[in-house]
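*Asks:* Have a peek at entry38.pdb (PDB, C-alpha atoms).
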```pdb
ATOM      1  CA  MET B 266     177.761  24.155 130.497  1.00  0.00           C
ATOM      2  CA  LYS B 267     176.804  20.522 129.964  1.00  0.00           C
ATOM      3  CA  LEU B 268     179.660  18.581 128.408  1.00  0.00           C
ATOM      4  CA  LEU B 269     179.385  15.497 126.246  1.00  0.00           C
ATOM      5  CA  PRO B 270     176.386  13.281 126.894  1.00  0.00           C
ATOM      6  CA  ALA B 271     177.417   9.741 127.736  1.00  0.00           C
ATOM      7  CA  PHE B 272     175.857   8.154 124.630  1.00  0.00           C
ATOM      8  CA  SER B 273     175.014   4.490 124.318  1.00  0.00           C
ATOM      9  CA  LEU B 274     177.271   2.237 122.289  1.00  0.00           C
ATOM     10  CA  ALA B 275     174.546   2.013 119.651  1.00  0.00           C
ATOM     11  CA  ALA B 276     174.491   5.795 119.352  1.00  0.00           C
ATOM     12  CA  ILE B 277     178.257   5.906 118.959  1.00  0.00           C
ATOM     13  CA  ALA B 278     178.114   3.214 116.293  1.00  0.00           C
ATOM     14  CA  LEU B 279     175.555   5.306 114.442  1.00  0.00           C
ATOM     15  CA  SER B 280     177.720   8.409 114.755  1.00  0.00           C
ATOM     16  CA  LEU B 281     180.656   6.526 113.265  1.00  0.00           C
ATOM     17  CA  ALA B 282     178.558   5.601 110.267  1.00  0.00           C
ATOM     18  CA  SER B 283     176.993   9.020 109.785  1.00  0.00           C
ATOM     19  CA  CYS B 284     179.905  11.427 110.009  1.00  0.00           C
ATOM     20  CA  GLY B 285     180.428  13.628 106.985  1.00  0.00           C
ATOM     21  CA  GLY B 286     180.711  17.291 106.139  1.00  0.00           C
ATOM     22  CA  LYS B 287     178.097  19.631 104.778  1.00  0.00           C
ATOM     23  CA  GLU B 288     176.714  19.233 101.315  1.00  0.00           C
ATOM     24  CA  GLY B 289     176.383  22.184  99.018  1.00  0.00           C
ATOM     25  CA  ASP B 290     177.247  23.640  95.638  1.00  0.00           C
ATOM     26  CA  ASN B 291     180.954  24.437  96.187  1.00  0.00           C
ATOM     27  CA  ALA B 292     180.182  28.128  95.708  1.00  0.00           C
ATOM     28  CA  SER B 293     182.518  29.061  98.547  1.00  0.00           C
ATOM     29  CA  ALA B 294     185.626  27.444  97.048  1.00  0.00           C
ATOM     30  CA  PRO B 295     188.224  30.191  96.535  1.00  0.00           C
ATOM     31  CA  SER B 296     190.364  30.586  93.449  1.00  0.00           C
ATOM     32  CA  GLY B 297     193.441  32.659  92.858  1.00  0.00           C
ATOM     33  CA  GLU B 298     196.646  33.284  90.954  1.00  0.00           C
ATOM     34  CA  PRO B 299     199.519  30.833  91.462  1.00  0.00           C
ATOM     35  CA  VAL B 300     201.303  31.422  94.765  1.00  0.00           C
ATOM     36  CA  ALA B 301     205.094  31.588  94.947  1.00  0.00           C
ATOM     37  CA  ALA B 302     206.928  28.970  96.992  1.00  0.00           C
ATOM     38  CA  VAL B 303     208.461  30.113 100.271  1.00  0.00           C
ATOM     39  CA  PRO B 304     211.600  28.322 101.490  1.00  0.00           C
ATOM     40  CA  ALA B 305     211.671  27.117 105.083  1.00  0.00           C
ATOM     41  CA  PRO B 306     214.320  28.476 107.460  1.00  0.00           C
ATOM     42  CA  ALA B 307     217.721  26.845 106.984  1.00  0.00           C
ATOM     43  CA  GLY B 308     217.938  23.336 108.398  1.00  0.00           C
ATOM     44  CA  THR B 309     214.174  22.907 108.713  1.00  0.00           C
ATOM     45  CA  THR B 310     211.176  21.861 106.673  1.00  0.00           C
ATOM     46  CA  TRP B 311     207.764  23.471 106.824  1.00  0.00           C
ATOM     47  CA  ALA B 312     206.131  20.088 107.531  1.00  0.00           C
ATOM     48  CA  ASP B 313     208.140  19.901 110.766  1.00  0.00           C
ATOM     49  CA  THR B 314     207.172  23.446 111.779  1.00  0.00           C
ATOM     50  CA  ILE B 315     204.246  23.182 114.199  1.00  0.00           C
ATOM     51  CA  SER B 316     202.463  26.034 115.933  1.00  0.00           C
ATOM     52  CA  THR B 317     199.204  26.545 117.796  1.00  0.00           C
ATOM     53  CA  ASN B 318     196.606  29.282 117.883  1.00  0.00           C
ATOM     54  CA  ALA B 319     194.079  30.730 120.308  1.00  0.00           C
ATOM     55  CA  ASP B 320     191.273  28.725 118.674  1.00  0.00           C
ATOM     56  CA  GLY B 321     192.822  25.437 119.790  1.00  0.00           C
ATOM     57  CA  GLY B 322     194.167  24.532 116.367  1.00  0.00           C
ATOM     58  CA  PHE B 323     197.504  22.898 115.602  1.00  0.00           C
ATOM     59  CA  ILE B 324     199.131  24.282 112.468  1.00  0.00           C
ATOM     60  CA  MET B 325     201.656  22.504 110.279  1.00  0.00           C
ATOM     61  CA  GLY B 326     203.756  24.723 108.042  1.00  0.00           C
ATOM     62  CA  ASN B 327     204.474  28.329 107.228  1.00  0.00           C
ATOM     63  CA  PRO B 328     202.358  30.403 109.652  1.00  0.00           C
ATOM     64  CA  ASN B 329     202.211  33.123 106.988  1.00  0.00           C
ATOM     65  CA  ALA B 330     201.260  30.803 104.118  1.00  0.00           C
ATOM     66  CA  ALA B 331     199.018  32.385 101.513  1.00  0.00           C
ATOM     67  CA  ILE B 332     196.733  29.331 101.474  1.00  0.00           C
ATOM     68  CA  LYS B 333     195.517  28.285 104.899  1.00  0.00           C
ATOM     69  CA  VAL B 334     193.727  24.929 105.042  1.00  0.00           C
ATOM     70  CA  THR B 335     191.719  24.128 108.173  1.00  0.00           C
ATOM     71  CA  GLU B 336     190.090  20.807 108.998  1.00  0.00           C
ATOM     72  CA  PHE B 337     187.579  20.229 111.776  1.00  0.00           C
ATOM     73  CA  ALA B 338     187.876  16.524 112.513  1.00  0.00           C
ATOM     74  CA  SER B 339     186.684  13.858 114.924  1.00  0.00           C
ATOM     75  CA  TYR B 340     188.838  10.885 115.891  1.00  0.00           C
ATOM     76  CA  THR B 341     185.762   8.628 115.833  1.00  0.00           C
ATOM     77  CA  CYS B 342     184.711   9.677 112.324  1.00  0.00           C
ATOM     78  CA  SER B 343     185.428   7.166 109.551  1.00  0.00           C
ATOM     79  CA  HIS B 344     185.436   9.870 106.858  1.00  0.00           C
ATOM     80  CA  CYS B 345     188.036  11.787 108.880  1.00  0.00           C
ATOM     81  CA  LYS B 346     190.145   8.644 109.087  1.00  0.00           C
ATOM     82  CA  ASP B 347     189.949   8.237 105.313  1.00  0.00           C
ATOM     83  CA  PHE B 348     190.865  11.890 104.777  1.00  0.00           C
ATOM     84  CA  ALA B 349     193.822  11.595 107.173  1.00  0.00           C
ATOM     85  CA  THR B 350     195.110   8.447 105.473  1.00  0.00           C
ATOM     86  CA  GLU B 351     194.798   9.780 101.943  1.00  0.00           C
ATOM     87  CA  SER B 352     196.060  13.301 102.626  1.00  0.00           C
ATOM     88  CA  ALA B 353     199.004  12.650 104.953  1.00  0.00           C
ATOM     89  CA  GLU B 354     201.896  12.568 102.489  1.00  0.00           C
ATOM     90  CA  PRO B 355     200.531  14.836  99.719  1.00  0.00           C
ATOM     91  CA  MET B 356     199.553  17.435 102.335  1.00  0.00           C
ATOM     92  CA  LYS B 357     203.124  17.459 103.633  1.00  0.00           C
ATOM     93  CA  GLU B 358     204.355  18.045 100.082  1.00  0.00           C
ATOM     94  CA  LEU B 359     202.043  21.040  99.721  1.00  0.00           C
ATOM     95  CA  VAL B 360     203.024  22.338 103.155  1.00  0.00           C
ATOM     96  CA  ASN B 361     206.735  21.988 102.372  1.00  0.00           C
ATOM     97  CA  SER B 362     206.289  24.373  99.451  1.00  0.00           C
ATOM     98  CA  GLY B 363     205.590  27.147 101.953  1.00  0.00           C
ATOM     99  CA  LYS B 364     202.458  28.042  99.989  1.00  0.00           C
ATOM    100  CA  VAL B 365     200.065  26.064 102.189  1.00  0.00           C
ATOM    101  CA  SER B 366     199.582  25.607 105.920  1.00  0.00           C
ATOM    102  CA  TYR B 367     197.394  22.878 107.386  1.00  0.00           C
ATOM    103  CA  GLU B 368     195.504  23.372 110.631  1.00  0.00           C
ATOM    104  CA  LEU B 369     193.746  20.523 112.422  1.00  0.00           C
ATOM    105  CA  ARG B 370     191.116  21.335 115.029  1.00  0.00           C
ATOM    106  CA  SER B 371     189.375  18.738 117.158  1.00  0.00           C
ATOM    107  CA  TYR B 372     185.609  18.753 116.718  1.00  0.00           C
ATOM    108  CA  VAL B 373     184.678  16.490 119.618  1.00  0.00           C
ATOM    109  CA  ARG B 374     181.518  14.436 119.054  1.00  0.00           C
ATOM    110  CA  ASP B 375     181.521  11.788 121.793  1.00  0.00           C
ATOM    111  CA  PRO B 376     183.417  10.654 124.917  1.00  0.00           C
ATOM    112  CA  MET B 377     185.908   8.440 123.074  1.00  0.00           C
ATOM    113  CA  ASP B 378     186.666  11.354 120.775  1.00  0.00           C
ATOM    114  CA  MET B 379     187.282  13.575 123.810  1.00  0.00           C
ATOM    115  CA  ALA B 380     189.668  11.039 125.338  1.00  0.00           C
ATOM    116  CA  MET B 381     191.736  10.889 122.156  1.00  0.00           C
ATOM    117  CA  ALA B 382     191.657  14.675 121.748  1.00  0.00           C
ATOM    118  CA  LEU B 383     193.083  15.001 125.262  1.00  0.00           C
ATOM    119  CA  LEU B 384     195.810  12.434 124.641  1.00  0.00           C
ATOM    120  CA  VAL B 385     197.084  13.884 121.357  1.00  0.00           C
ATOM    121  CA  ARG B 386     197.723  17.133 123.278  1.00  0.00           C
ATOM    122  CA  CYS B 387     199.616  15.315 126.019  1.00  0.00           C
ATOM    123  CA  SER B 388     203.152  15.279 124.635  1.00  0.00           C
ATOM    124  CA  GLY B 389     203.790  18.690 123.117  1.00  0.00           C
ATOM    125  CA  LYS B 390     202.838  20.242 119.818  1.00  0.00           C
ATOM    126  CA  GLU B 391     205.433  18.326 117.780  1.00  0.00           C
ATOM    127  CA  ALA B 392     203.733  15.013 118.635  1.00  0.00           C
ATOM    128  CA  PHE B 393     200.216  16.201 117.807  1.00  0.00           C
ATOM    129  CA  PHE B 394     200.082  15.295 114.111  1.00  0.00           C
ATOM    130  CA  PRO B 395     201.862  11.911 114.379  1.00  0.00           C
ATOM    131  CA  LEU B 396     199.637  10.885 117.290  1.00  0.00           C
ATOM    132  CA  SER B 397     196.535  12.058 115.461  1.00  0.00           C
ATOM    133  CA  ASP B 398     197.443   9.979 112.410  1.00  0.00           C
ATOM    134  CA  GLN B 399     198.124   6.948 114.592  1.00  0.00           C
ATOM    135  CA  PHE B 400     194.813   7.269 116.448  1.00  0.00           C
ATOM    136  CA  PHE B 401     192.994   7.459 113.121  1.00  0.00           C
ATOM    137  CA  GLY B 402     194.849   4.327 112.054  1.00  0.00           C
ATOM    138  CA  ASN B 403     193.779   2.578 115.268  1.00  0.00           C
ATOM    139  CA  GLN B 404     190.122   3.545 114.894  1.00  0.00           C
ATOM    140  CA  ALA B 405     188.729   0.104 114.019  1.00  0.00           C
ATOM    141  CA  ALA B 406     190.617  -1.697 116.807  1.00  0.00           C
ATOM    142  CA  MET B 407     189.561   0.929 119.326  1.00  0.00           C
ATOM    143  CA  PHE B 408     185.910   0.676 118.446  1.00  0.00           C
ATOM    144  CA  GLU B 409     186.025  -3.124 118.583  1.00  0.00           C
ATOM    145  CA  LYS B 410     187.308  -2.967 122.165  1.00  0.00           C
ATOM    146  CA  ILE B 411     184.635  -0.497 123.219  1.00  0.00           C
ATOM    147  CA  GLN B 412     181.869  -2.565 121.602  1.00  0.00           C
ATOM    148  CA  ALA B 413     183.093  -5.609 123.526  1.00  0.00           C
ATOM    149  CA  LEU B 414     182.424  -3.806 126.817  1.00  0.00           C
ATOM    150  CA  GLY B 415     178.676  -3.930 126.448  1.00  0.00           C
ATOM    151  CA  ASP B 416     176.370  -1.021 127.072  1.00  0.00           C
ATOM    152  CA  GLN B 417     176.003  -1.586 130.826  1.00  0.00           C
ATOM    153  CA  GLN B 418     179.735  -1.392 131.549  1.00  0.00           C
ATOM    154  CA  TYR B 419     180.133   1.544 129.185  1.00  0.00           C
ATOM    155  CA  GLN B 420     177.368   3.480 130.949  1.00  0.00           C
ATOM    156  CA  ALA B 421     178.946   2.654 134.321  1.00  0.00           C
ATOM    157  CA  ILE B 422     182.200   4.207 133.135  1.00  0.00           C
ATOM    158  CA  MET B 423     180.404   7.298 131.896  1.00  0.00           C
ATOM    159  CA  SER B 424     178.645   7.644 135.275  1.00  0.00           C
ATOM    160  CA  GLN B 425     181.978   8.148 137.031  1.00  0.00           C
ATOM    161  CA  PRO B 426     183.115  11.612 138.161  1.00  0.00           C
ATOM    162  CA  PRO B 427     184.481  13.805 135.347  1.00  0.00           C
ATOM    163  CA  GLU B 428     188.036  13.505 136.698  1.00  0.00           C
ATOM    164  CA  THR B 429     188.107   9.715 136.273  1.00  0.00           C
ATOM    165  CA  ARG B 430     185.679   8.816 133.484  1.00  0.00           C
ATOM    166  CA  PHE B 431     188.063   9.486 130.581  1.00  0.00           C
ATOM    167  CA  ILE B 432     190.809   7.555 132.372  1.00  0.00           C
ATOM    168  CA  SER B 433     188.534   4.530 132.770  1.00  0.00           C
ATOM    169  CA  LEU B 434     187.260   4.839 129.212  1.00  0.00           C
ATOM    170  CA  SER B 435     190.811   5.071 127.880  1.00  0.00           C
ATOM    171  CA  ASN B 436     191.853   1.988 129.822  1.00  0.00           C
ATOM    172  CA  ALA B 437     188.903   0.066 128.387  1.00  0.00           C
ATOM    173  CA  ALA B 438     189.625   1.231 124.848  1.00  0.00           C
ATOM    174  CA  GLY B 439     193.357   0.544 125.103  1.00  0.00           C
ATOM    175  CA  PHE B 440     194.278   4.205 124.667  1.00  0.00           C
ATOM    176  CA  ILE B 441     196.660   4.380 127.620  1.00  0.00           C
ATOM    177  CA  ASP B 442     198.650   1.351 126.459  1.00  0.00           C
ATOM    178  CA  PHE B 443     198.564   2.839 122.951  1.00  0.00           C
ATOM    179  CA  VAL B 444     200.202   6.121 123.999  1.00  0.00           C
ATOM    180  CA  LYS B 445     202.628   4.400 126.395  1.00  0.00           C
ATOM    181  CA  GLN B 446     204.088   2.705 123.321  1.00  0.00           C
ATOM    182  CA  ARG B 447     204.568   6.188 121.842  1.00  0.00           C
ATOM    183  CA  GLY B 448     206.470   7.863 124.644  1.00  0.00           C
ATOM    184  CA  ILE B 449     203.714   9.075 126.980  1.00  0.00           C
ATOM    185  CA  SER B 450     203.899   7.615 130.485  1.00  0.00           C
ATOM    186  CA  GLU B 451     200.818   6.221 132.199  1.00  0.00           C
ATOM    187  CA  ASP B 452     200.925   8.958 134.842  1.00  0.00           C
ATOM    188  CA  GLN B 453     201.232  11.640 132.178  1.00  0.00           C
ATOM    189  CA  ALA B 454     198.325  10.181 130.205  1.00  0.00           C
ATOM    190  CA  LYS B 455     196.110  10.054 133.298  1.00  0.00           C
ATOM    191  CA  GLN B 456     196.920  13.664 134.157  1.00  0.00           C
ATOM    192  CA  CYS B 457     195.911  14.742 130.669  1.00  0.00           C
ATOM    193  CA  LEU B 458     192.701  12.699 130.761  1.00  0.00           C
ATOM    194  CA  ALA B 459     191.726  14.234 134.115  1.00  0.00           C
ATOM    195  CA  ASN B 460     192.360  17.824 132.960  1.00  0.00           C
ATOM    196  CA  GLN B 461     188.917  19.411 133.198  1.00  0.00           C
ATOM    197  CA  ASP B 462     190.144  22.788 131.973  1.00  0.00           C
ATOM    198  CA  GLU B 463     191.192  21.150 128.711  1.00  0.00           C
ATOM    199  CA  VAL B 464     187.879  19.264 128.496  1.00  0.00           C
ATOM    200  CA  LYS B 465     185.978  22.530 128.829  1.00  0.00           C
ATOM    201  CA  LYS B 466     188.244  24.240 126.306  1.00  0.00           C
ATOM    202  CA  LEU B 467     187.661  21.503 123.727  1.00  0.00           C
ATOM    203  CA  ALA B 468     183.904  21.546 124.318  1.00  0.00           C
ATOM    204  CA  LYS B 469     183.845  25.342 124.010  1.00  0.00           C
ATOM    205  CA  GLY B 470     185.790  25.045 120.752  1.00  0.00           C
ATOM    206  CA  VAL B 471     183.026  22.851 119.340  1.00  0.00           C
ATOM    207  CA  GLU B 472     180.364  25.353 120.382  1.00  0.00           C
ATOM    208  CA  ASP B 473     182.276  28.279 118.886  1.00  0.00           C
ATOM    209  CA  ALA B 474     183.060  26.489 115.618  1.00  0.00           C
ATOM    210  CA  THR B 475     179.463  25.341 115.213  1.00  0.00           C
ATOM    211  CA  ALA B 476     178.200  28.882 115.700  1.00  0.00           C
ATOM    212  CA  LYS B 477     180.796  30.478 113.417  1.00  0.00           C
ATOM    213  CA  TYR B 478     180.865  27.963 110.558  1.00  0.00           C
ATOM    214  CA  ASN B 479     177.512  26.172 110.927  1.00  0.00           C
ATOM    215  CA  ILE B 480     179.303  22.827 111.111  1.00  0.00           C
ATOM    216  CA  THR B 481     176.970  19.862 110.683  1.00  0.00           C
ATOM    217  CA  GLY B 482     179.465  17.022 110.226  1.00  0.00           C
ATOM    218  CA  THR B 483     183.088  16.028 110.019  1.00  0.00           C
ATOM    219  CA  PRO B 484     185.383  16.512 108.320  1.00  0.00           C
ATOM    220  CA  THR B 485     184.531  20.143 107.643  1.00  0.00           C
ATOM    221  CA  LEU B 486     187.204  21.778 105.499  1.00  0.00           C
ATOM    222  CA  LEU B 487     188.092  25.428 105.041  1.00  0.00           C
ATOM    223  CA  ILE B 488     190.441  27.425 102.851  1.00  0.00           C
ATOM    224  CA  ASN B 489     191.383  30.860 104.158  1.00  0.00           C
ATOM    225  CA  GLY B 490     188.499  30.804 106.598  1.00  0.00           C
ATOM    226  CA  ARG B 491     185.814  29.815 104.098  1.00  0.00           C
ATOM    227  CA  VAL B 492     183.986  26.493 104.339  1.00  0.00           C
ATOM    228  CA  ILE B 493     184.429  24.361 101.226  1.00  0.00           C
ATOM    229  CA  GLU B 494     180.999  22.834 100.776  1.00  0.00           C
ATOM    230  CA  ASN B 495     180.346  19.282  99.608  1.00  0.00           C
ATOM    231  CA  THR B 496     183.977  18.355 100.218  1.00  0.00           C
ATOM    232  CA  THR B 497     184.960  15.519 102.546  1.00  0.00           C
ATOM    233  CA  THR B 498     187.522  13.596 100.470  1.00  0.00           C
ATOM    234  CA  TRP B 499     191.149  14.336  99.758  1.00  0.00           C
ATOM    235  CA  ASP B 500     190.748  14.004  95.984  1.00  0.00           C
ATOM    236  CA  VAL B 501     188.230  16.841  95.939  1.00  0.00           C
ATOM    237  CA  MET B 502     190.026  18.984  98.520  1.00  0.00           C
ATOM    238  CA  ARG B 503     193.354  18.687  96.737  1.00  0.00           C
ATOM    239  CA  GLY B 504     191.715  20.160  93.646  1.00  0.00           C
ATOM    240  CA  LYS B 505     190.313  23.049  95.696  1.00  0.00           C
ATOM    241  CA  ILE B 506     193.750  23.783  97.149  1.00  0.00           C
ATOM    242  CA  LYS B 507     195.236  23.814  93.650  1.00  0.00           C
ATOM    243  CA  GLU B 508     192.483  26.159  92.480  1.00  0.00           C
ATOM    244  CA  ALA B 509     193.414  28.504  95.333  1.00  0.00           C
ATOM    245  CA  GLY B 510     196.882  28.879  93.813  1.00  0.00           C
ATOM    246  CA  ALA B 511     199.010  26.082  95.273  1.00  0.00           C
TER     247      ALA B 511
END
```
Can you dump the structure from the file as structure tokens?
*Replies:*
Amino acid sequence: MKLLPAFSLAAIALSLASCGGKEGDNASAPSGEPVAAVPAPAGTTWADTISTNADGGFIMGNPNAAIKVTEFASYTCSHCKDFATESAEPMKELVNSGKVSYELRSYVRDPMDMAMALLVRCSGKEAFFPLSDQFFGNQAAMFEKIQALGDQQYQAIMSQPPETRFISLSNAAGFIDFVKQRGISEDQAKQCLANQDEVKKLAKGVEDATAKYNITGTPTLLINGRVIENTTTWDVMRGKIKEAGA
């Protein structure tokens, strides 16, 4: 299985500008009766309850929530960054009701995206959502550093063996220093970036999701397993979640 073409910097710049979910007529948006709130176990909140699934998703909230929101996202997608910024606090409010769970799945589109997807998995499931939000917030600074490399140096990095290329790319982009400031040691980060089993798992997740949901862009958003067409912004998605009974 061929994993992640190297891309030129120009191609990555274009991908940053062109990310966006599928367009359609919203016919798949579910609707339902109001759902009853479900209290979290004593001494906890649903927003702090994190689990994982066999599909590689990280789930915030009640694992048995009646309304299950899934987002396929890329850390190099500007629309995904906007969605993450706008949805962070209101999504936690919905999740804390126990009515809604929120699952984030990495839809890796390029080598920088892969490096970040590896690093957000490097410190346990509880750190996944905070690190994801912080990487989205760092998107502009990251891309500026990569652009400053120049295409020749970038291609040289991507020509390295698989076990070292994401380490070198992360050093160039400032990712390793970024996660060191957030409790992940340099050795730990390098181990995660060299983990080829995880690279293959993430790449396979993209293949499977594309085949199952016909994903053509990010973010792609689902409610209870159904793609919500023509929806890439939080304002629209919040309305769809409310229509589903939240």
*Asks:* Between B:Asp500, B:Glu472, B:Asp442, B:Glu463, which residue has the minimum interatomic distance to B:Met379, considering only C-alpha atoms?
*Replies:* B:Glu463
*Asks:* Could the residues of stretch 339-424 of chain B that have an atom at most 12 Å from stretch 432-441 of chain B be listed as JSON lines, each with its closest atom pair and the distance in Å to one decimal, counting only C-alpha atoms and ordered by chain and ascending residue number?
*Replies:*
```
{"residue": "B:Asp375", "atom": "CA", "partner": "B:Leu434", "partner_atom": "CA", "distance": 11.7}
{"residue": "B:Pro376", "atom": "CA", "partner": "B:Leu434", "partner_atom": "CA", "distance": 8.2}
{"residue": "B:Met377", "atom": "CA", "partner": "B:Leu434", "partner_atom": "CA", "distance": 7.2}
{"residue": "B:Asp378", "atom": "CA", "partner": "B:Ser435", "partner_atom": "CA", "distance": 10.4}
{"residue": "B:Met379", "atom": "CA", "partner": "B:Ser435", "partner_atom": "CA", "distance": 10.1}
{"residue": "B:Ala380", "atom": "CA", "partner": "B:Ser435", "partner_atom": "CA", "distance": 6.6}
{"residue": "B:Met381", "atom": "CA", "partner": "B:Phe440", "partner_atom": "CA", "distance": 7.6}
{"residue": "B:Ala382", "atom": "CA", "partner": "B:Phe440", "partner_atom": "CA", "distance": 11.2}
{"residue": "B:Leu383", "atom": "CA", "partner": "B:Ser435", "partner_atom": "CA", "distance": 10.5}
{"residue": "B:Leu384", "atom": "CA", "partner": "B:Phe440", "partner_atom": "CA", "distance": 8.4}
{"residue": "B:Val385", "atom": "CA", "partner": "B:Phe440", "partner_atom": "CA", "distance": 10.6}
{"residue": "B:Cys387", "atom": "CA", "partner": "B:Ile441", "partner_atom": "CA", "distance": 11.4}
{"residue": "B:Leu396", "atom": "CA", "partner": "B:Phe440", "partner_atom": "CA", "distance": 11.3}
{"residue": "B:Gln399", "atom": "CA", "partner": "B:Phe440", "partner_atom": "CA", "distance": 11.1}
{"residue": "B:Phe400", "atom": "CA", "partner": "B:Phe440", "partner_atom": "CA", "distance": 8.8}
{"residue": "B:Asn403", "atom": "CA", "partner": "B:Phe440", "partner_atom": "CA", "distance": 9.6}
{"residue": "B:Gln404", "atom": "CA", "partner": "B:Ala438", "partner_atom": "CA", "distance": 10.2}
{"residue": "B:Ala405", "atom": "CA", "partner": "B:Ala438", "partner_atom": "CA", "distance": 10.9}
{"residue": "B:Ala406", "atom": "CA", "partner": "B:Ala438", "partner_atom": "CA", "distance": 8.6}
{"residue": "B:Met407", "atom": "CA", "partner": "B:Ala438", "partner_atom": "CA", "distance": 5.5}
{"residue": "B:Phe408", "atom": "CA", "partner": "B:Ala438", "partner_atom": "CA", "distance": 7.4}
{"residue": "B:Glu409", "atom": "CA", "partner": "B:Ala438", "partner_atom": "CA", "distance": 8.4}
{"residue": "B:Lys410", "atom": "CA", "partner": "B:Ala438", "partner_atom": "CA", "distance": 5.5}
{"residue": "B:Ile411", "atom": "CA", "partner": "B:Ala438", "partner_atom": "CA", "distance": 5.5}
{"residue": "B:Gln412", "atom": "CA", "partner": "B:Ala438", "partner_atom": "CA", "distance": 9.2}
{"residue": "B:Ala413", "atom": "CA", "partner": "B:Ala437", "partner_atom": "CA", "distance": 9.5}
{"residue": "B:Leu414", "atom": "CA", "partner": "B:Ala437", "partner_atom": "CA", "distance": 7.7}
{"residue": "B:Gly415", "atom": "CA", "partner": "B:Ala437", "partner_atom": "CA", "distance": 11.1}
{"residue": "B:Gln418", "atom": "CA", "partner": "B:Ala437", "partner_atom": "CA", "distance": 9.8}
{"residue": "B:Tyr419", "atom": "CA", "partner": "B:Leu434", "partner_atom": "CA", "distance": 7.9}
{"residue": "B:Gln420", "atom": "CA", "partner": "B:Leu434", "partner_atom": "CA", "distance": 10.1}
{"residue": "B:Ala421", "atom": "CA", "partner": "B:Ser433", "partner_atom": "CA", "distance": 9.9}
{"residue": "B:Ile422", "atom": "CA", "partner": "B:Ser433", "partner_atom": "CA", "distance": 6.4}
{"residue": "B:Met423", "atom": "CA", "partner": "B:Leu434", "partner_atom": "CA", "distance": 7.8}
{"residue": "B:Ser424", "atom": "CA", "partner": "B:Ser433", "partner_atom": "CA", "distance": 10.7}
```
*Asks:* Find, counting only C-alpha atoms, the residue in B:Ala349, B:Val373, B:Phe337, B:Lys455 that gets nearest to B:Lys469.
*Replies:*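 Between B:Ala349, B:Val373, B:Phe337, B:Lys455, the residue approaching B:Lys469 most closely is B:Val373.
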*Asks:* Please tabulate, as a tab-separated table, the residues of stretch 306-344 of chain B that come within 8 Å of stretch 365-368 of chain B, each with its closest pair of atoms and the distance in Å to one decimal, counting all atoms listed in the file and ordering rows by chain, then residue number upward.
*Replies:*
```
residue	atom	partner	partner_atom	distance
B:Gly322	CA	B:Glu368	CA	6.0
B:Phe323	CA	B:Glu368	CA	5.4
B:Ile324	CA	B:Glu368	CA	4.2
B:Met325	CA	B:Tyr367	CA	5.2
B:Gly326	CA	B:Ser366	CA	4.8
B:Asn327	CA	B:Ser366	CA	5.7
B:Pro328	CA	B:Ser366	CA	6.7
B:Ala330	CA	B:Val365	CA	5.3
B:Ala331	CA	B:Val365	CA	6.4
B:Ile332	CA	B:Val365	CA	4.7
B:Lys333	CA	B:Ser366	CA	5.0
B:Val334	CA	B:Tyr367	CA	4.8
B:Thr335	CA	B:Glu368	CA	4.6
B:Glu336	CA	B:Glu368	CA	6.2
```
*Asks:* For this structure, which residues satisfy the selection - the PyMOL selection byres ((chain B and resi 471) around 12) - when it is evaluated on the file as given? I want them as a ChimeraX atom specification.
*Replies:* /B:268-269,320-322,337-339,370-375,379,464-470,472-483
*Asks:* What separation in Å, quoted to one decimal, exists between atom CA of B:Asn318 and atom CA of B:Leu359?
*Replies:* 20.7 Å
*Asks:* Work out how far atom CA of B:Lys364 is from atom CA of B:Ala302, in Å to one decimal.
*Replies:*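 Atom CA of B:Lys364 lies at a distance of 5.5 Å from atom CA of B:Ala302.
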*Asks:* Atom CA of B:Gly308 and atom CA of B:Asn329 are how many Å apart?
*Replies:*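 Straight-line distance from atom CA of B:Gly308 to atom CA of B:Asn329 works out to 18.6 Å.
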*Asks:* Between B:Asn489, B:Ser352, B:Ser388, B:Thr341, which has the minimum distance to B:Val501 (counting all atoms listed in the file)?
*Replies:* B:Ser352
*Asks:* Between B:Ala312, B:Ile493, B:Ile506, B:Ala454, which residue has the minimum interatomic distance to B:Arg386, considering only C-alpha atoms?
*Replies:*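 Once distances to B:Arg386 are computed over only C-alpha atoms, the minimum belongs to B:Ala454.
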*Asks:* With distances taken over only C-alpha atoms, which of B:Ser362, B:Thr429, B:Gln453, B:Thr350 is nearest to B:Trp499?
*Replies:* B:Thr350
*Asks:* Under the rule that only C-alpha atoms are counted, which of B:Ala353, B:Ala392, B:Leu458, B:Val300 is the nearest residue to B:Lys507?
*Replies:* B:Val300
*Asks:* For the structure shown, which residues end up in the PyMOL selection byres ((chain B and resi 311) around 7)? Put them as a PyMOL selection string, please?
*Replies:* chain B and resi 305+309-310+312-314+326-327+360-361+363
*Asks:* Generate N, CA and C atoms for stretch 411-415 of chain B and emit them as a compact mmCIF listing (two decimals), in the frame of the given file.
*Replies:*
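Wrote out_7.txt, looks like this:
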```
# COMPACT_ATOMS: atom_id res chain seq x y z
N ILE B 411 185.73 -1.17 122.53
CA ILE B 411 184.64 -0.50 123.22
C ILE B 411 183.33 -1.27 123.04
N GLN B 412 183.09 -1.78 121.84
CA GLN B 412 181.87 -2.56 121.60
C GLN B 412 181.84 -3.81 122.48
N ALA B 413 183.03 -4.39 122.72
CA ALA B 413 183.09 -5.61 123.53
C ALA B 413 182.73 -5.37 124.99
N LEU B 414 182.77 -4.11 125.43
CA LEU B 414 182.42 -3.81 126.82
C LEU B 414 180.97 -4.14 127.13
N GLY B 415 180.11 -3.86 126.18
CA GLY B 415 178.68 -3.93 126.45
C GLY B 415 178.18 -2.61 126.99
```
